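Okay, protein.txt is below, compact mmCIF, C-alpha atoms:
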```
# COMPACT_ATOMS: atom_id res chain seq x y z
CA MET A 91 -12.51 -83.29 -50.14
CA GLU A 92 -13.62 -80.28 -51.68
CA GLU A 93 -11.47 -77.27 -51.81
CA ARG A 94 -12.92 -74.30 -50.39
CA ALA A 95 -12.54 -70.98 -52.14
CA TYR A 96 -11.19 -68.19 -50.07
CA GLY A 97 -12.94 -64.90 -50.01
CA LYS A 98 -11.08 -61.70 -50.76
CA LEU A 99 -11.06 -60.68 -47.10
CA GLU A 100 -9.67 -64.02 -45.96
CA TRP A 101 -7.04 -63.92 -48.67
CA LEU A 102 -6.02 -60.37 -47.58
CA PHE A 103 -5.76 -61.48 -43.96
CA TYR A 104 -3.82 -64.74 -44.52
CA ILE A 105 -1.53 -63.56 -47.31
CA ILE A 106 -0.79 -59.91 -46.39
CA ILE A 107 -1.76 -58.93 -42.84
CA LEU A 108 -0.54 -62.03 -40.90
CA PRO A 109 2.90 -62.12 -42.59
CA LEU A 110 3.34 -58.35 -42.08
CA LEU A 111 2.35 -58.66 -38.41
CA PHE A 112 4.75 -61.59 -37.90
CA THR A 113 7.57 -59.71 -39.67
CA GLY A 114 6.95 -56.59 -37.58
CA LEU A 115 6.97 -58.64 -34.38
CA VAL A 116 10.23 -60.40 -35.25
CA LEU A 117 11.86 -57.11 -36.33
CA GLY A 118 10.74 -55.44 -33.09
CA MET A 119 12.31 -58.21 -31.03
CA VAL A 120 15.55 -58.02 -33.04
CA PHE A 121 15.74 -54.23 -32.64
CA GLN A 122 14.94 -54.57 -28.94
CA PHE A 123 17.88 -56.97 -28.50
CA MET A 124 20.11 -54.57 -30.41
CA GLY A 125 19.38 -51.78 -27.88
CA TYR A 126 16.76 -49.82 -29.76
CA ASP A 127 13.78 -48.88 -27.52
CA VAL A 128 10.94 -50.28 -29.59
CA THR A 129 8.48 -50.61 -26.73
CA GLY A 130 9.12 -47.01 -25.64
CA LYS A 131 8.47 -45.78 -29.18
CA LEU A 132 5.31 -47.87 -29.46
CA LEU A 133 4.05 -46.62 -26.09
CA ALA A 134 4.81 -43.02 -27.08
CA ALA A 135 2.90 -43.49 -30.33
CA ALA A 136 0.03 -45.15 -28.43
CA ARG A 137 -0.08 -42.24 -25.95
CA GLN A 138 -0.58 -39.86 -28.83
CA THR A 139 -3.38 -41.87 -30.41
CA PRO A 140 -6.73 -40.48 -29.20
CA VAL A 141 -8.66 -43.66 -28.26
CA ILE A 142 -5.70 -45.74 -27.11
CA ARG A 143 -4.37 -42.90 -24.94
CA SER A 144 -6.90 -43.67 -22.20
CA ILE A 145 -5.87 -47.37 -22.09
CA VAL A 146 -2.07 -47.01 -22.12
CA PRO A 147 -0.53 -46.13 -18.72
CA PRO A 148 1.32 -42.80 -18.55
CA ASP A 149 5.10 -42.82 -18.54
CA GLU A 150 7.22 -41.67 -15.60
CA ALA A 151 8.12 -38.37 -17.27
CA ALA A 152 4.44 -37.52 -17.64
CA LYS A 153 3.83 -38.44 -13.99
CA GLN A 154 6.71 -36.25 -12.90
CA GLU A 155 5.46 -33.50 -15.18
CA ARG A 156 1.99 -33.73 -13.63
CA SER A 157 3.42 -33.67 -10.12
CA GLU A 158 5.51 -30.63 -11.11
CA VAL A 159 2.41 -28.98 -12.51
CA ARG A 160 0.55 -29.69 -9.26
CA LYS A 161 3.44 -28.27 -7.22
CA LEU A 162 3.66 -25.18 -9.42
CA THR A 163 -0.11 -24.72 -9.27
CA ALA A 164 -0.03 -24.93 -5.49
CA GLN A 165 2.87 -22.49 -5.44
CA LEU A 166 0.95 -20.16 -7.75
CA GLU A 167 -2.09 -20.27 -5.48
CA GLN A 168 0.10 -19.54 -2.45
CA MET A 169 1.68 -16.59 -4.24
CA LYS A 170 -1.77 -15.31 -5.25
CA LYS A 171 -2.81 -15.41 -1.59
CA GLU A 172 0.36 -13.61 -0.57
CA LEU A 173 -0.23 -11.03 -3.31
CA GLU A 174 -3.76 -10.44 -2.05
CA GLN A 175 -2.45 -10.06 1.51
CA THR A 176 0.20 -7.65 0.28
CA LYS A 177 -2.41 -5.69 -1.66
CA SER A 178 -4.67 -5.43 1.38
CA ALA A 179 -1.72 -4.39 3.56
CA ASN A 180 -0.74 -1.83 0.93
CA GLN A 181 -4.29 -0.50 0.82
CA GLN A 182 -4.37 -0.25 4.62
CA LEU A 183 -1.05 1.60 4.59
CA GLN A 184 -2.40 3.94 1.90
CA GLN A 185 -5.41 4.72 4.11
CA GLU A 186 -3.13 5.32 7.09
CA LEU A 187 -0.97 7.57 4.92
CA VAL A 188 -4.00 9.61 3.86
CA ALA A 189 -5.06 9.92 7.50
CA LYS A 190 -1.54 10.96 8.56
CA GLU A 191 -1.37 13.49 5.73
CA ALA A 192 -4.72 14.96 6.82
CA GLU A 193 -3.46 15.15 10.41
CA LEU A 194 -0.21 16.72 9.19
CA ASN A 195 -2.15 19.35 7.21
CA ARG A 196 -4.33 20.05 10.25
CA LEU A 197 -1.24 20.44 12.46
CA LYS A 198 0.39 22.70 9.87
CA GLN A 199 -2.70 24.90 9.87
CA GLN A 200 -2.69 24.99 13.66
CA ASN A 201 1.00 25.87 13.60
CA ASP A 202 0.41 28.61 11.04
CA GLN A 203 -2.45 30.00 13.13
CA SER A 204 -0.42 29.91 16.33
CA GLN A 205 2.52 31.57 14.55
CA LYS A 206 0.16 34.20 13.20
CA GLN A 207 -1.32 34.73 16.68
CA GLU A 208 2.19 34.89 18.17
CA THR A 209 3.22 37.46 15.56
CA GLU A 210 0.08 39.47 16.25
CA ARG A 211 0.70 39.21 20.00
CA GLN A 212 4.30 40.33 19.57
CA SER A 213 3.31 43.25 17.38
CA ALA A 214 0.59 44.22 19.87
CA ASP A 215 3.08 43.89 22.72
CA GLN A 216 5.53 46.05 20.79
CA TYR A 217 2.80 48.60 20.19
CA TRP A 218 1.87 48.71 23.90
CA LYS A 219 5.54 49.00 24.89
CA GLN A 220 5.89 52.01 22.60
CA GLN A 221 2.74 53.52 24.09
CA ALA A 222 4.08 52.84 27.59
CA LYS A 223 7.35 54.56 26.66
CA VAL A 224 5.45 57.59 25.34
CA TYR A 225 3.34 57.86 28.51
CA SER A 226 6.34 57.32 30.79
CA GLU A 227 8.19 60.22 29.14
CA MET A 228 5.28 62.55 29.84
CA SER A 229 4.79 64.19 33.15
CA PRO A 230 2.93 61.91 35.59
CA LYS A 231 0.00 64.37 35.88
CA LYS A 232 -0.51 64.62 32.12
CA ALA A 233 -0.12 60.86 31.65
CA ALA A 234 -2.67 60.25 34.45
CA SER A 235 -5.26 62.52 32.80
CA LEU A 236 -4.74 60.89 29.36
CA LEU A 237 -4.89 57.35 30.79
CA GLY A 238 -8.13 58.24 32.57
CA ALA A 239 -9.69 59.23 29.24
CA ILE A 240 -8.90 56.02 27.29
CA PRO A 241 -10.69 52.65 27.70
CA LEU A 242 -9.73 50.59 30.74
CA ALA A 243 -8.21 47.68 28.78
CA GLU A 244 -5.87 50.01 26.91
CA ALA A 245 -4.88 51.83 30.10
CA ARG A 246 -4.11 48.50 31.79
CA ALA A 247 -2.05 47.36 28.78
CA ILE A 248 -0.01 50.55 28.84
CA LEU A 249 0.52 50.55 32.60
CA GLY A 250 1.40 46.85 32.53
CA ARG A 251 4.42 47.57 30.33
CA MET A 252 5.85 50.32 32.54
CA THR A 253 8.32 49.96 35.38
CA VAL A 254 6.95 49.92 38.92
CA GLU A 255 8.25 53.46 39.69
CA GLU A 256 6.72 54.99 36.53
CA LYS A 257 3.42 53.22 37.17
CA ALA A 258 3.37 54.38 40.80
CA GLN A 259 4.00 58.02 39.84
CA ILE A 260 1.17 58.01 37.26
CA LEU A 261 -1.34 56.21 39.50
CA GLU A 262 -0.49 58.67 42.30
CA LYS A 263 -1.67 61.58 40.14
CA MET A 264 -4.91 59.79 39.09
CA ASP A 265 -8.31 59.87 40.71
CA PRO A 266 -8.30 57.00 43.29
CA GLU A 267 -11.52 55.44 41.96
CA GLN A 268 -10.21 55.50 38.40
CA ALA A 269 -6.86 54.06 39.49
CA ALA A 270 -8.66 51.26 41.36
CA ARG A 271 -10.77 50.45 38.26
CA ILE A 272 -7.66 50.29 36.07
CA GLU A 273 -5.85 48.06 38.52
CA THR A 274 -8.77 45.71 39.13
CA GLY A 275 -10.02 45.72 35.53
CA GLN A 276 -13.62 46.68 36.42
```

How does this structure look as structure tokens?
Amino acid sequence: MEERAYGKLEWLFYIIILPLLFTGLVLGMVFQFMGYDVTGKLLAAARQTPVIRSIVPPDEAAKQERSEVRKLTAQLEQMKKELEQTKSANQQLQQELVAKEAELNRLKQQNDQSQKQETERQSADQYWKQQAKVYSEMSPKKAASLLGAIPLAEARAILGRMTVEEKAQILEKMDPEQAARIETGQ
């Protein structure tokens, strides 16, 4: 028999790699029996290796982490929807507020105008009451001649603020046609 010469690669495999592999396997089993988690460490290292990562199954912590991520993502999406709904409700309320403010401003202007008109009416009423007092202190004949000379609307306003007796005395001294025009407003 002839002896065959080993090549450098065969020599490296039989003399170095196989004994190292056997030693590593025996040490791993010994450490495993001693309570050290060798398989867990090897799987963790394999999960971090780029090509082997796709072959090695994920551990339970990673599964739980992924399920947590899914739950949190779903929760985030739900909160985004709620935020959008809240934003739209807020925008609608803002529009309603603007409309209510416009209505409030309009009502304030109306109130200011009505107060102004009421003040003007009261001052005009006060003016006509003073005029009525002046004419009622005059003699009925003189008051009748002066009331006949002023416009009908003013004469009616003055007579309307007098007592019935004063009005009757003045109208008695007036021309009947003129008194009828003042009373009827024609």

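Atom pair atom CA of A:Ala247 / atom CA of A:Arg211 has a distance of 12.3 Å (rounded to one decimal).
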
Problem set entry | Residues near stretch 224-235 of chain A, cut-off 7 Å, all atoms listed in the file, skip fewer than 2 positions along chain, as a PyMOL selection string | chain A and resi 220-222+237-239+256+259-261+263-264

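The nearest approach to A:Ile145 among the residues A:Gln184, A:Ala243, A:Leu133, A:Gln165, with only C-alpha atoms taken into account, belongs to A:Leu133.
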
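Considering the residues A:Gln182, A:Leu108, A:Phe103, A:Pro148 and counting only C-alpha atoms, A:Ala136 has its shortest atom-to-atom contact with A:Pro148.
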
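Pairwise distance (atom CA of A:Ala95, atom CA of A:Phe112) equals 24.3 Å.
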